[in-house]
Amino acid sequence: MTFLDFPFMQRALLAAVLVGITAPAVGIYLVQRRQALLGDGIGHVAMTGVGLGFLLSTSPVWMATAVSVLGAVLMELIRWYGRTRGDIALAMLFYGGMAGGVMLINLAPGGSNANLMSYLFGSLTTVSRSDVTAICLLAGFVVLVTLGLRRQLFAVSQDEEFARVTGLPVRALNLLTAITAAVTVTVAMRVVGLLLVSALMVVPVAAAQQLTRSFAATFAVAVAIGVTVTVSGTVTSYYQYVPPGATIVLMAIAAFFVLTLLAAPLARRRARAVAAEQPDGDPTECTIPAARPADGTVGV
């Protein structure tokens with residue numbers, strides 16, 4: 001009997017694949033925007049949604065989605081209008097979200113901090129059919145946004161002022177990015193956990209950047225790394241009885257170091273290839289262009 005014979009492993013692997021796709025797909029824009037820790041902050045806020053779900057006897061995944069989206073909108077508003085005290089407001093939002101989750105789940109009938117562990121660090125056996133349905137729907141939204149609006153999101157992530165001059169709705173796209181990141185957090189929390197989801201958004205992208213130069217290549221390699229580590233970590237946690245979230249994140253970090261070691265010789269090989277293609281003599285950047293005649297004509 002293999003691990004695929006168990007329904008809970010089938011659900012866990014499906015969720016792992018979706019997490020491996022969505023987390024780097026959103027993370028690449030956060031890395032470009034230098035907001036790599038945004039997912040971590042949203043994860044703190046989502047804890048209040050989980051606690052509220054237990055308190056109201058509703059789905060913690062959907063409740064966490066609603067609360068984390070609201071938190072992401074508040075974060076963007078604070079970033080726009082907070083100015084010098086914005087960091088203090090964000091800190092209160094993050095820590096208040098964590099404290100609110102702990103308080104609400106203890107107020108829930110039969111609730112305790114033990115109920116939070118599977119959401120904080122991920123769990124294979126607790127991924128239910130309803131969780132898989134919610135994860136599939138939310139992952140579809142994330143993929144639709146990150147691929148369908150990739151040109152606009154990339155432009156805003158690279159240079160907001162230039163994007164604004166070209167007529168793009170910068171604030172709306174920033175808000176959409178934050179909401180998509182919030183949805184991704186709730187997609188990943190059942191497999192990776194709220195406290196580790198930010199790592200899966202950032203590390204595969206950082207690993208892919210060691211080998212790639214273009215945005216499209218980085219996107220594809222980051223998603224490939226994400227799917228590889230989530231599936232491998234899920235299977236490893238089944239056989240070795242280790243936490244899936246920690247296993248997945250450690251595998252992602254290991255992939256980053258391996259690709260970093262491979263990147264140096266590849267860069268030297270590219271440099272030698274470029275040097276070999278140049279003609280003998282001075283490099284192109286060292287040549288002095290011929291003087292232009294006074295009449296404006298170009299010499300032959």
# chains A, B, ... in the order shown; residues from 1 in each chain; ligands from 1

$ closest_atom_pairs --of "segment 26-96 of chain A" --to "segment 170-180 of chain A" --cutoff "8 Å" --atoms "only C-alpha atoms" --output "CSV"
residue,atom,partner,partner_atom,distance
A:Val26,CA,A:Thr180,CA,7.1
A:Tyr29,CA,A:Thr177,CA,7.8
A:Val69,CA,A:Ile179,CA,5.3
A:Ala72,CA,A:Ala178,CA,5.5
A:Val73,CA,A:Leu175,CA,6.5
A:Glu76,CA,A:Leu175,CA,6.5

$ closest_residue --among "A:Leu194, A:Ala273, A:Ala46, A:Ala208" --to "Trp62 of chain A" --atoms "only C-alpha atoms"
A:Ala46

$ residues_around --residues "Met75 of chain A" --least-positions-apart "5" --cutoff "12 Å" --atoms "only C-alpha atoms" --output "ChimeraX atom specification"
/A:35,38-39,41-42,45,68-70,80-82,86-94,174-175,177-179,181-182

$ write_last_selection --atoms "N, CA, C and O atoms" --output "short mmCIF file (atom, residue, chain, number, x, y, z; two decimals), in the first residue's frame"
data_model
loop_
_atom_site.label_atom_id
_atom_site.label_comp_id
_atom_site.auth_asym_id
_atom_site.auth_seq_id
_atom_site.Cartn_x
_atom_site.Cartn_y
_atom_site.Cartn_z
N GLN A 35 8.66 43.89 -0.63
CA GLN A 35 7.70 43.65 0.44
C GLN A 35 7.68 42.16 0.78
O GLN A 35 6.62 41.54 0.92
N LEU A 38 5.50 40.86 3.65
CA LEU A 38 4.07 41.14 3.70
C LEU A 38 3.27 39.89 4.02
O LEU A 38 2.30 39.93 4.79
N GLY A 39 3.68 38.76 3.45
CA GLY A 39 2.97 37.51 3.73
C GLY A 39 3.03 37.12 5.19
O GLY A 39 2.05 36.58 5.74
N GLY A 41 3.15 39.21 7.73
CA GLY A 41 2.20 40.07 8.44
C GLY A 41 0.76 39.63 8.22
O GLY A 41 -0.05 39.60 9.16
N ILE A 42 0.43 39.26 6.98
CA ILE A 42 -0.92 38.79 6.70
C ILE A 42 -1.20 37.49 7.45
O ILE A 42 -2.32 37.25 7.91
N VAL A 45 -2.41 38.30 10.85
CA VAL A 45 -3.79 38.77 10.85
C VAL A 45 -4.76 37.63 10.60
O VAL A 45 -5.86 37.58 11.19
N SER A 68 -8.07 38.13 6.46
CA SER A 68 -6.76 38.46 5.90
C SER A 68 -6.89 39.45 4.73
O SER A 68 -6.02 40.33 4.57
N VAL A 69 -7.95 39.35 3.95
CA VAL A 69 -8.17 40.33 2.88
C VAL A 69 -8.42 41.70 3.48
O VAL A 69 -7.87 42.71 3.00
N LEU A 70 -9.24 41.75 4.53
CA LEU A 70 -9.46 43.03 5.21
C LEU A 70 -8.15 43.58 5.77
O LEU A 70 -7.87 44.78 5.67
N TRP A 80 -0.18 53.91 2.28
CA TRP A 80 -0.44 55.13 1.53
C TRP A 80 -0.49 56.36 2.42
O TRP A 80 0.06 57.40 2.08
N TYR A 81 -1.13 56.24 3.59
CA TYR A 81 -1.43 57.42 4.39
C TYR A 81 -0.71 57.44 5.74
O TYR A 81 -0.77 58.44 6.46
N GLY A 82 -0.04 56.35 6.11
CA GLY A 82 0.55 56.26 7.44
C GLY A 82 1.72 57.17 7.66
O GLY A 82 1.94 57.69 8.74
N GLY A 86 3.47 54.88 10.15
CA GLY A 86 2.92 53.70 9.49
C GLY A 86 3.47 52.40 10.03
O GLY A 86 2.74 51.41 10.16
N ASP A 87 4.76 52.38 10.39
CA ASP A 87 5.36 51.14 10.89
C ASP A 87 4.76 50.76 12.24
O ASP A 87 4.58 49.57 12.54
N ILE A 88 4.42 51.74 13.07
CA ILE A 88 3.81 51.45 14.37
C ILE A 88 2.41 50.88 14.17
O ILE A 88 2.02 49.92 14.84
N ALA A 89 1.66 51.46 13.25
CA ALA A 89 0.31 50.95 12.98
C ALA A 89 0.35 49.53 12.44
O ALA A 89 -0.46 48.68 12.82
N LEU A 90 1.31 49.25 11.56
CA LEU A 90 1.44 47.90 11.02
C LEU A 90 1.81 46.91 12.12
O LEU A 90 1.29 45.79 12.17
N ALA A 91 2.71 47.30 13.01
CA ALA A 91 3.10 46.41 14.11
C ALA A 91 1.90 46.08 14.99
O ALA A 91 1.70 44.92 15.38
N MET A 92 1.09 47.09 15.30
CA MET A 92 -0.09 46.83 16.12
C MET A 92 -1.08 45.92 15.39
O MET A 92 -1.72 45.07 16.00
N LEU A 93 -1.20 46.08 14.08
CA LEU A 93 -2.10 45.24 13.30
C LEU A 93 -1.61 43.79 13.30
O LEU A 93 -2.40 42.86 13.50
N PHE A 94 -0.31 43.58 13.12
CA PHE A 94 0.25 42.23 13.09
C PHE A 94 0.08 41.53 14.44
O PHE A 94 -0.46 40.43 14.53
N ASN A 174 -1.90 47.84 -6.75
CA ASN A 174 -1.24 47.56 -5.47
C ASN A 174 -2.22 46.88 -4.51
O ASN A 174 -1.86 45.95 -3.79
N LEU A 175 -3.43 47.38 -4.50
CA LEU A 175 -4.46 46.78 -3.64
C LEU A 175 -4.76 45.36 -4.07
O LEU A 175 -4.91 44.46 -3.24
N THR A 177 -2.71 43.32 -5.56
CA THR A 177 -1.56 42.49 -5.18
C THR A 177 -1.64 42.09 -3.71
O THR A 177 -1.40 40.94 -3.35
N ALA A 178 -1.99 43.05 -2.86
CA ALA A 178 -2.11 42.75 -1.43
C ALA A 178 -3.23 41.76 -1.17
O ALA A 178 -3.08 40.83 -0.35
N ILE A 179 -4.36 41.91 -1.85
CA ILE A 179 -5.48 40.99 -1.67
C ILE A 179 -5.10 39.59 -2.15
O ILE A 179 -5.42 38.58 -1.52
N ALA A 181 -2.11 38.34 -2.23
CA ALA A 181 -1.20 37.78 -1.23
C ALA A 181 -1.98 37.25 -0.03
O ALA A 181 -1.64 36.19 0.53
N ALA A 182 -3.03 37.97 0.38
CA ALA A 182 -3.85 37.51 1.51
C ALA A 182 -4.55 36.20 1.18
O ALA A 182 -4.61 35.28 2.02
#

$ atom_distance --atom1 "atom CA of Arg11 of chain A" --atom2 "atom CA of Ser57 of chain A"
22.4 Å
